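Shown below: coords_6.cif, with mmCIF, C-alpha atoms and all ligand atoms.
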data_my_file
#
loop_
_atom_site.label_atom_id
_atom_site.label_comp_id
_atom_site.auth_asym_id
_atom_site.auth_seq_id
_atom_site.Cartn_x
_atom_site.Cartn_y
_atom_site.Cartn_z
CA MET A 4 -76.62 -6.63 -45.08
CA ARG A 5 -73.01 -7.74 -45.32
CA PHE A 6 -71.22 -6.23 -42.39
CA ASN A 7 -67.86 -8.00 -42.33
CA GLY A 8 -68.25 -10.49 -45.14
CA GLU A 9 -70.80 -13.26 -44.90
CA ILE A 10 -70.01 -16.87 -44.05
CA SER A 11 -71.48 -18.77 -46.94
CA ASN A 12 -72.35 -22.24 -45.55
CA ARG A 13 -74.78 -21.27 -42.84
CA ASN A 14 -78.51 -21.59 -43.20
CA GLU A 15 -80.66 -18.54 -43.96
CA GLU A 16 -82.21 -18.39 -40.49
CA GLU A 17 -78.81 -18.23 -38.76
CA LYS A 18 -77.75 -15.51 -41.16
CA GLU A 19 -80.93 -13.53 -40.50
CA ASN A 20 -80.47 -13.88 -36.73
CA ASP A 21 -76.97 -12.51 -37.11
CA ARG A 22 -78.19 -9.61 -39.18
CA ILE A 23 -80.85 -8.64 -36.64
CA SER A 24 -78.49 -9.17 -33.76
CA GLN A 25 -75.84 -6.93 -35.31
CA SER A 26 -78.51 -4.31 -35.96
CA CYS A 27 -79.00 -4.08 -32.21
CA SER A 28 -75.52 -2.74 -31.60
CA ILE A 29 -74.29 -1.42 -34.92
CA GLY A 30 -72.33 1.73 -35.31
CA LEU A 31 -74.33 3.95 -32.94
CA GLY A 32 -71.17 4.42 -30.93
CA PHE A 33 -72.35 2.81 -27.67
CA PRO A 34 -69.97 0.73 -25.59
CA HIS A 35 -71.23 -2.74 -24.62
CA PRO A 36 -72.37 -2.46 -21.00
CA GLN A 37 -73.86 -5.37 -19.05
CA LYS A 38 -77.37 -4.13 -19.57
CA LEU A 39 -78.85 -1.46 -21.82
CA VAL A 40 -82.43 -0.27 -21.34
CA VAL A 41 -84.13 1.18 -24.41
CA GLY A 42 -87.37 3.02 -23.67
CA TYR A 43 -89.55 3.18 -26.76
CA ALA A 44 -92.44 5.47 -27.70
CA LEU A 45 -93.93 4.34 -31.00
CA THR A 46 -97.35 4.09 -32.60
CA SER A 47 -98.95 0.66 -32.28
CA LYS A 48 -98.36 0.11 -36.04
CA LYS A 49 -94.69 0.93 -35.66
CA THR A 50 -94.32 -1.19 -32.50
CA LYS A 51 -95.74 -4.14 -34.42
CA SER A 52 -93.54 -3.72 -37.49
CA PHE A 53 -90.34 -2.80 -35.64
CA LEU A 54 -90.39 -4.57 -32.30
CA GLN A 55 -90.82 -8.11 -33.51
CA PRO A 56 -90.39 -10.92 -30.96
CA LYS A 57 -87.28 -12.14 -32.75
CA LEU A 58 -85.58 -8.75 -32.49
CA GLU A 59 -86.51 -8.50 -28.81
CA GLY A 60 -85.19 -12.01 -28.13
CA LEU A 61 -81.87 -11.43 -29.88
CA ALA A 62 -81.48 -8.04 -28.20
CA ARG A 63 -82.15 -9.62 -24.80
CA ASN A 64 -79.33 -12.11 -25.42
CA LYS A 65 -77.04 -9.14 -25.86
CA GLY A 66 -78.26 -7.48 -22.67
CA ILE A 67 -80.51 -4.98 -24.49
CA PHE A 68 -84.01 -4.59 -23.05
CA PHE A 69 -86.91 -2.73 -24.67
CA VAL A 70 -89.36 -1.07 -22.27
CA ALA A 71 -92.57 0.67 -23.42
CA ILE A 72 -92.84 4.33 -22.40
CA ASP A 73 -96.16 5.51 -21.00
CA GLN A 74 -96.77 8.88 -22.69
CA ASN A 75 -99.22 9.90 -19.97
CA ARG A 76 -96.65 9.74 -17.18
CA SER A 77 -93.55 11.81 -16.59
CA LEU A 78 -90.57 10.28 -18.38
CA SER A 79 -88.32 10.91 -15.37
CA ASP A 80 -90.59 8.67 -13.25
CA GLN A 81 -90.06 5.82 -15.69
CA GLY A 82 -86.97 3.84 -16.59
CA PRO A 83 -84.20 4.64 -15.91
CA PHE A 84 -83.38 4.48 -19.61
CA ASP A 85 -80.02 4.44 -21.38
CA ILE A 86 -81.65 5.22 -24.71
CA VAL A 87 -85.04 6.62 -25.71
CA LEU A 88 -86.19 5.51 -29.14
CA HIS A 89 -89.23 7.32 -30.47
CA LYS A 90 -91.40 8.10 -33.47
CA LEU A 91 -94.52 9.96 -32.37
CA SER A 92 -95.96 13.14 -33.71
CA GLY A 93 -97.41 16.11 -31.81
CA LYS A 94 -96.17 19.19 -29.99
CA GLU A 95 -96.96 17.81 -26.57
CA TRP A 96 -94.70 14.79 -27.06
CA ARG A 97 -91.87 16.99 -28.37
CA ARG A 98 -92.17 19.23 -25.32
CA LEU A 99 -92.10 16.28 -22.90
CA LEU A 100 -89.04 14.89 -24.62
CA GLU A 101 -87.19 18.22 -24.67
CA ASP A 102 -87.80 18.64 -20.91
CA TYR A 103 -86.55 15.12 -20.34
CA ARG A 104 -83.40 15.71 -22.45
CA GLU A 105 -82.59 18.80 -20.41
CA LYS A 106 -83.01 16.99 -17.09
CA HIS A 107 -81.25 13.81 -18.27
CA PRO A 108 -78.34 14.68 -20.54
CA GLU A 109 -76.89 11.23 -19.78
CA VAL A 110 -79.70 9.57 -21.78
CA THR A 111 -79.32 9.20 -25.56
CA VAL A 112 -82.52 10.31 -27.27
CA LEU A 113 -82.82 8.80 -30.75
CA ASP A 114 -83.23 11.30 -32.19
CA PRO A 115 -83.60 14.94 -30.97
CA PRO A 116 -87.12 16.24 -31.72
CA ASP A 117 -85.85 19.39 -33.50
CA ALA A 118 -83.68 17.37 -35.86
CA ILE A 119 -86.68 15.16 -36.70
CA GLN A 120 -88.91 18.19 -37.31
CA HIS A 121 -86.39 19.43 -39.87
CA VAL A 122 -87.06 16.37 -42.06
CA HIS A 123 -90.82 16.55 -41.54
CA ASN A 124 -90.95 19.50 -43.88
CA ARG A 125 -90.17 18.80 -47.53
CA GLN A 126 -88.73 22.29 -47.98
CA SER A 127 -86.15 22.01 -45.19
CA MET A 128 -85.44 18.27 -45.56
CA LEU A 129 -83.44 18.65 -48.80
CA LYS A 130 -81.73 21.91 -47.88
CA ASP A 131 -78.62 20.25 -46.50
CA VAL A 132 -78.21 18.13 -49.62
CA ALA A 133 -78.49 21.26 -51.78
CA ASP A 134 -76.00 23.15 -49.57
CA MET A 135 -73.48 20.30 -49.75
CA ASN A 136 -73.28 20.50 -53.52
CA LEU A 137 -71.63 17.07 -53.42
CA SER A 138 -69.51 16.35 -56.44
CA ASP A 139 -66.45 14.11 -56.44
CA CYS A 140 -64.80 11.55 -58.69
CA TYR A 141 -67.66 9.09 -58.01
CA GLY A 142 -70.45 11.37 -59.18
CA LYS A 143 -72.68 14.33 -58.43
CA VAL A 144 -75.53 14.50 -55.94
CA GLY A 145 -78.08 17.30 -56.04
CA VAL A 146 -81.78 17.90 -55.49
CA PRO A 147 -84.42 18.52 -58.19
CA ARG A 148 -85.36 22.16 -58.69
CA GLN A 149 -88.29 22.92 -56.44
CA LEU A 150 -90.69 25.60 -55.32
CA VAL A 151 -92.84 25.95 -52.22
CA ILE A 152 -96.47 27.05 -52.54
CA LYS A 153 -98.10 27.91 -49.23
CA LYS A 154 -101.52 29.10 -50.49
CA ASP A 155 -103.55 30.39 -53.45
CA PRO A 156 -103.58 27.60 -56.07
CA SER A 157 -104.48 30.09 -58.81
CA SER A 158 -101.00 31.63 -58.48
CA ILE A 159 -99.21 28.33 -59.19
CA PRO A 160 -98.99 28.43 -63.03
CA ASP A 161 -97.35 31.88 -62.93
CA ALA A 162 -95.09 31.03 -60.03
CA VAL A 163 -93.88 27.91 -61.85
CA SER A 164 -93.12 29.73 -65.06
CA LYS A 165 -91.37 32.60 -63.20
CA ALA A 166 -89.20 30.07 -61.36
CA GLY A 167 -88.41 28.36 -64.68
CA LEU A 168 -89.50 24.90 -63.49
CA MET A 169 -89.95 22.38 -66.31
CA LEU A 170 -92.96 20.10 -66.73
CA PRO A 171 -93.95 17.51 -65.70
CA ILE A 172 -94.00 18.49 -62.05
CA VAL A 173 -94.40 16.35 -58.96
CA ALA A 174 -96.51 17.95 -56.24
CA LYS A 175 -95.98 16.73 -52.67
CA PRO A 176 -97.67 17.82 -49.42
CA LEU A 177 -95.31 20.27 -47.68
CA VAL A 178 -95.49 18.60 -44.28
CA VAL A 179 -94.88 14.91 -43.62
CA ASP A 180 -96.83 13.97 -40.49
CA GLY A 181 -97.08 10.18 -40.71
CA SER A 182 -100.55 10.31 -42.28
CA ALA A 183 -101.38 8.54 -45.56
CA LYS A 184 -102.36 11.94 -46.96
CA SER A 185 -98.86 13.33 -46.48
CA HIS A 186 -97.59 10.57 -48.81
CA GLU A 187 -100.11 11.31 -51.61
CA LEU A 188 -98.45 12.87 -54.59
CA SER A 189 -99.60 14.29 -57.91
CA LEU A 190 -97.98 14.56 -61.31
CA ALA A 191 -98.98 17.59 -63.36
CA TYR A 192 -98.43 17.48 -67.13
CA ASP A 193 -99.45 21.00 -68.13
CA GLN A 194 -99.13 24.45 -66.68
CA PHE A 195 -102.83 25.26 -66.34
CA SER A 196 -103.68 22.10 -64.43
CA LEU A 197 -101.26 23.24 -61.75
CA ALA A 198 -104.01 25.55 -60.50
CA LYS A 199 -105.99 22.45 -59.45
CA LEU A 200 -103.39 21.46 -56.85
CA GLU A 201 -104.02 21.93 -53.15
CA PRO A 202 -101.35 23.88 -51.22
CA PRO A 203 -99.37 23.82 -48.98
CA LEU A 204 -97.12 21.96 -51.39
CA VAL A 205 -93.63 21.43 -52.65
CA LEU A 206 -93.50 21.40 -56.45
CA GLN A 207 -90.53 19.48 -57.79
CA GLU A 208 -89.29 18.92 -61.33
CA PHE A 209 -89.85 15.31 -62.33
CA VAL A 210 -86.50 13.70 -63.18
CA ASN A 211 -86.55 10.70 -65.55
CA HIS A 212 -84.71 7.87 -63.81
CA GLY A 213 -85.64 4.62 -65.56
CA GLY A 214 -88.43 3.76 -63.13
CA VAL A 215 -86.12 2.56 -60.36
CA LEU A 216 -85.25 4.30 -57.10
CA PHE A 217 -82.58 3.56 -54.49
CA LYS A 218 -83.52 3.60 -50.83
CA VAL A 219 -80.42 4.16 -48.73
CA TYR A 220 -81.03 3.21 -45.09
CA ILE A 221 -78.69 4.72 -42.53
CA VAL A 222 -78.32 3.46 -38.96
CA GLY A 223 -75.39 5.16 -37.31
CA GLU A 224 -72.42 4.22 -39.44
CA ALA A 225 -74.13 1.32 -41.22
CA ILE A 226 -75.63 1.76 -44.68
CA LYS A 227 -77.93 -0.54 -46.62
CA VAL A 228 -79.23 0.12 -50.15
CA VAL A 229 -82.28 -1.48 -51.79
CA ARG A 230 -83.94 -0.95 -55.17
CA ARG A 231 -87.64 -0.11 -55.49
CA PHE A 232 -89.88 0.40 -58.52
CA SER A 233 -90.77 4.02 -59.04
CA LEU A 234 -92.74 6.20 -61.46
CA PRO A 235 -91.86 5.47 -65.12
CA ASP A 236 -90.07 8.02 -67.32
CA VAL A 237 -92.16 10.65 -69.09
CA ASN A 238 -91.02 11.29 -72.67
CA LYS A 239 -91.45 14.52 -74.66
CA CYS A 240 -94.21 13.03 -76.82
CA GLU A 241 -96.25 12.00 -73.76
CA LEU A 242 -95.78 15.45 -72.33
CA LEU A 243 -97.09 17.07 -75.51
CA HIS A 244 -100.13 14.83 -75.79
CA ASN A 245 -101.17 14.63 -72.15
CA ALA A 246 -102.73 17.21 -69.91
CA GLY A 247 -104.08 17.18 -66.39
CA VAL A 248 -103.06 16.13 -62.92
CA PHE A 249 -102.64 12.47 -61.96
CA HIS A 250 -102.81 11.38 -58.33
CA PHE A 251 -100.82 8.53 -56.80
CA PRO A 252 -101.52 7.16 -53.31
CA ARG A 253 -98.13 5.61 -52.41
CA VAL A 254 -95.31 4.96 -54.82
CA SER A 255 -92.17 2.89 -54.09
CA CYS A 256 -93.57 1.27 -50.92
CA ALA A 257 -91.99 -1.85 -49.42
CA ALA A 258 -94.11 -4.10 -51.70
CA ALA A 259 -92.49 -2.47 -54.76
CA SER A 260 -89.09 -4.12 -54.27
CA ALA A 261 -87.04 -4.30 -57.47
CA ASP A 262 -84.06 -6.12 -55.94
CA ASP A 263 -84.83 -9.37 -57.74
CA ALA A 264 -86.15 -7.81 -60.95
CA ASP A 265 -84.52 -8.22 -64.33
CA LEU A 266 -83.48 -4.61 -64.95
CA ASP A 267 -81.42 -2.74 -67.50
CA PRO A 268 -77.92 -2.84 -65.91
CA GLY A 269 -77.47 0.92 -66.45
CA VAL A 270 -80.59 1.55 -64.37
CA ALA A 271 -80.01 -1.18 -61.77
CA GLU A 272 -76.39 -0.32 -60.92
CA LEU A 273 -76.29 0.92 -57.33
CA PRO A 274 -74.81 4.36 -56.65
CA PRO A 275 -71.07 4.05 -55.88
CA ARG A 276 -70.44 3.02 -52.28
CA PRO A 277 -67.85 5.75 -51.54
CA LEU A 278 -70.32 8.39 -52.75
CA LEU A 279 -73.06 7.01 -50.48
CA GLU A 280 -70.67 6.79 -47.53
CA ARG A 281 -69.68 10.41 -47.95
CA LEU A 282 -73.27 11.53 -48.40
CA ALA A 283 -74.47 9.53 -45.38
CA ARG A 284 -71.64 10.74 -43.13
CA GLU A 285 -72.18 14.35 -44.09
CA LEU A 286 -75.97 14.16 -43.72
CA ARG A 287 -75.73 12.42 -40.34
CA ARG A 288 -73.60 15.29 -39.14
CA ARG A 289 -75.66 18.08 -40.69
CA LEU A 290 -79.07 16.67 -39.80
CA GLY A 291 -78.03 15.39 -36.36
CA LEU A 292 -79.88 12.11 -36.99
CA HIS A 293 -78.87 8.46 -36.51
CA LEU A 294 -81.87 6.64 -38.02
CA PHE A 295 -83.07 7.71 -41.43
CA ASN A 296 -83.21 6.90 -45.10
CA ILE A 297 -82.64 8.83 -48.27
CA ASP A 298 -84.40 8.16 -51.57
CA ILE A 299 -82.01 8.63 -54.49
CA ILE A 300 -82.59 8.47 -58.23
CA ARG A 301 -80.07 8.39 -61.10
CA GLU A 302 -80.90 10.69 -64.01
CA HIS A 303 -81.73 8.35 -66.87
CA GLY A 304 -79.00 8.18 -69.51
CA THR A 305 -76.26 9.23 -67.07
CA ARG A 306 -73.93 7.06 -65.05
CA ASP A 307 -73.20 9.38 -62.18
CA CYS A 308 -75.78 12.13 -61.89
CA PHE A 309 -77.89 11.54 -58.78
CA TYR A 310 -80.76 13.38 -57.08
CA VAL A 311 -81.97 13.02 -53.51
CA ILE A 312 -85.77 13.34 -53.61
CA ASP A 313 -86.84 12.38 -50.08
CA ILE A 314 -85.51 11.87 -46.55
CA ASN A 315 -87.47 9.83 -44.00
CA TYR A 316 -86.92 9.60 -40.26
CA PHE A 317 -86.84 6.05 -38.73
CA PRO A 318 -88.45 4.43 -41.79
CA GLY A 319 -90.15 1.07 -42.08
CA VAL A 320 -87.47 -1.55 -42.58
CA ILE A 321 -84.61 0.26 -40.92
CA LEU A 322 -83.56 -2.43 -38.43
CA SER A 323 -84.31 -5.49 -40.53
CA PHE A 324 -80.96 -5.25 -42.33
N1 LIG B 1 -88.53 14.67 -58.44
C1 LIG B 1 -88.93 13.45 -58.75
N2 LIG B 1 -88.64 12.91 -59.96
C2 LIG B 1 -89.05 11.67 -60.28
N3 LIG B 1 -89.78 10.87 -59.48
C3 LIG B 1 -90.09 11.34 -58.26
C4 LIG B 1 -89.69 12.64 -57.83
N4 LIG B 1 -90.15 12.83 -56.58
C5 LIG B 1 -90.81 11.72 -56.25
N5 LIG B 1 -90.79 10.81 -57.23
C6 LIG B 1 -91.46 9.50 -57.22
O1 LIG B 1 -92.51 9.59 -56.28
C7 LIG B 1 -92.31 8.69 -55.18
C8 LIG B 1 -92.75 9.33 -53.88
O2 LIG B 1 -92.07 10.54 -53.66
P1 LIG B 1 -91.39 10.81 -52.24
O3 LIG B 1 -90.41 9.75 -51.96
O4 LIG B 1 -90.90 12.21 -52.23
O5 LIG B 1 -92.69 10.69 -51.32
P2 LIG B 1 -92.92 10.11 -49.86
O6 LIG B 1 -94.38 10.00 -49.67
O7 LIG B 1 -92.21 10.96 -48.87
O8 LIG B 1 -92.27 8.65 -49.91
P3 LIG B 1 -91.90 7.66 -48.69
O9 LIG B 1 -92.92 6.62 -48.67
O10 LIG B 1 -90.53 7.17 -49.10
O11 LIG B 1 -91.83 8.50 -47.45
C9 LIG B 1 -90.83 8.34 -55.23
O12 LIG B 1 -90.62 7.09 -54.64
C10 LIG B 1 -90.58 8.38 -56.72
O13 LIG B 1 -91.07 7.19 -57.30
O1 LIG B 2 -94.29 1.15 -42.58
P1 LIG B 2 -93.56 1.37 -43.88
O2 LIG B 2 -92.67 0.23 -44.23
O3 LIG B 2 -94.45 1.82 -44.99
O4 LIG B 2 -92.52 2.57 -43.54
C1 LIG B 2 -92.68 3.90 -43.98
C2 LIG B 2 -92.79 4.78 -42.78
O5 LIG B 2 -93.93 4.40 -42.01
P2 LIG B 2 -93.84 3.90 -40.49
O6 LIG B 2 -92.78 4.69 -39.78
O7 LIG B 2 -95.20 4.13 -39.93
O8 LIG B 2 -93.45 2.45 -40.53
C3 LIG B 2 -92.97 6.24 -43.22
O9 LIG B 2 -93.03 7.01 -42.08
P3 LIG B 2 -93.99 8.31 -42.03
O10 LIG B 2 -93.32 9.33 -42.90
O11 LIG B 2 -95.32 7.90 -42.59
O12 LIG B 2 -93.99 8.68 -40.59
C4 LIG B 2 -91.78 6.69 -44.09
O13 LIG B 2 -90.60 6.69 -43.32
C5 LIG B 2 -91.64 5.75 -45.26
O14 LIG B 2 -90.51 6.13 -46.00
C6 LIG B 2 -91.48 4.30 -44.80
O15 LIG B 2 -91.41 3.44 -45.93
P4 LIG B 2 -90.04 2.88 -46.50
O16 LIG B 2 -89.28 4.11 -46.99
O17 LIG B 2 -89.25 2.18 -45.41
O18 LIG B 2 -90.50 1.99 -47.57
MG MG B 3 -89.85 8.49 -50.58
MG MG B 4 -90.93 10.39 -47.44
#
What do you get writing this file as structure tokens?
Ligand SMILES: Nc1ncnc2c1ncn2[C@@H]1O[C@H](COP(=O)(O)OP(=O)(O)OP(=O)(O)O)[C@@H](O)[C@H]1O
Ligand SMILES: O=P(O)(O)O[C@H]1[C@H](OP(=O)(O)O)[C@@H](OP(=O)(O)O)[C@@H](O)[C@@H](O)[C@@H]1OP(=O)(O)O
Ligand SMILES: [Mg+2]
Ligand SMILES: [Mg+2]
Amino acid sequence: MRFNGEISNRNEEEKENDRISQSCSIGLGFPHPQKLVVGYALTSKKTKSFLQPKLEGLARNKGIFFVAIDQNRSLSDQGPFDIVLHKLSGKEWRRLLEDYREKHPEVTVLDPPDAIQHVHNRQSMLKDVADMNLSDCYGKVGVPRQLVIKKDPSSIPDAVSKAGLMLPIVAKPLVVDGSAKSHELSLAYDQFSLAKLEPPLVLQEFVNHGGVLFKVYIVGEAIKVVRRFSLPDVNKCELLHNAGVFHFPRVSCAAASADDADLDPGVAELPPRPLLERLARELRRRLGLHLFNIDIIREHGTRDCFYVIDINYFPGVILSF
């Protein structure tokens, strides 16, 4: 990411070190004390992908030390920590952390468990975007029309037609809990096949967007945007001649980068920076989160009509800017 303009004649490794090093102190609003202790509570997969030796080394040079939290011991007996960085699921962990926050208001918990829970539900995660109704001279940002189905799959076709949702429809598990299953989605082409879906679900209108999605990573005040391949457009003819439900395990994952692809310029053009800055600032405030990403698509055939389709807490590549 270009923070203050990049110096062009340095080698790639030096540039990458700078990027990682800046990520350690960017925009989270902390002063630069002599020593900063970050307690972390992450799954082993997340520890491996996030806490790479290089990041730890560069952080150490800046006086930032990462210390593993033992979830089986009282948090107050560990540390002391300046910051607690966490991504673990479960009620018990949330309770421990809430107790700790009450007893230690001086410690910055990234981020508060309640604020994270809000984006673990696909119904509540997009509410703030919908409420913002963001529209300025750089474009419009909304959310696709959606409907929540808690139970009874046989009621879905009627519910969809009553709500006036257009086909095709993307069905997503209502709760995001870190499991592979919570990332499995389905695309339904006809109304009757909707009864085959398995609630609890969020049903969302599929928005044609040229097969490319923008992932906007937000770390405090810093923003980084990447392009990923996404589901292709569905045209009217396909819709007429196809029926059924199609299942997809994981779309637009890190391996689906489209940053170096040869794309139609109208599809590839990134959303305007001022629009993203406004959206990120407003969402940071409303969600009360410092580490998250938003998935945005541009309605195909438009220049400035955007939809937020997903918000993820502390996602994969967040600190490898
Ligand atoms: N309303 C929509 N219109 C068009 N395509 C969509 C829509 N919703 C989702 N998609 C496609 O499905 C993919 C997965 O959807 P979504 O991002 O909501 O799921 P997720 O499992 O939470 O993803 P992530 O891995 O980012 O957490 C998107 O990357 C996009 O390609
Ligand atoms: O590991 P990956 O790179 O796939 O990161 C993914 C991350 O998994 P991790 O937190 O276990 O790393 C996911 O978290 P859960 O919802 O499953 O908790 C979610 O945030 C995805 O959006 C991330 O993908 P990205 O948006 O960055 O492509
Ligand atoms: Mg997504
Ligand atoms: Mg998601």
By how many Å are CA of Lys199 (chain A) and CA of Ile312 (chain A) apart?
->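 Interatomic distance, CA of Lys199 (chain A) to CA of Ile312 (chain A): 22.9 Å.
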If we count only C-alpha atoms, what is near region 117-131 of chain A at a cut-off of 8 Å, once residues fewer than 2 positions away on the same chain are taken out, given as a ChimeraX atom specification?
-> /A:114-115,133-135,146,151,176-180,205,286,289-292,311-316
Near-ligand residues for ligand LIG 2 (chain B), threshold 7 Å, only C-alpha atoms and all ligand atoms, as a PyMOL selection string = chain A and resi 48-49+52+179-183+218+255-257+296+315-321
Would you list the contacts of region 274-280 of chain A as a PyMOL selection string, taking every protein, DNA or RNA residue within 9 Å and counting only C-alpha atoms, but skipping same-chain residues closer than 4 positions in sequence?
-> chain A and resi 137-144+217+219+224+226+228+284-285+299-301+306-307+309
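In this comparison, which uses only C-alpha atoms and all ligand atoms, the residue of A:Arg76, A:Arg98, A:Lys57, A:Arg231 approaching ligand MG 3 (chain B) most closely is A:Arg231.
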Top pick for closest residue to ligand MG 4 (chain B), considering A:Asn238, A:Asn211, A:Ser196, A:Ser185 and counting only C-alpha atoms and all ligand atoms =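 Between A:Asn238, A:Asn211, A:Ser196, A:Ser185, the residue approaching ligand MG 4 (chain B) most closely is A:Ser185.
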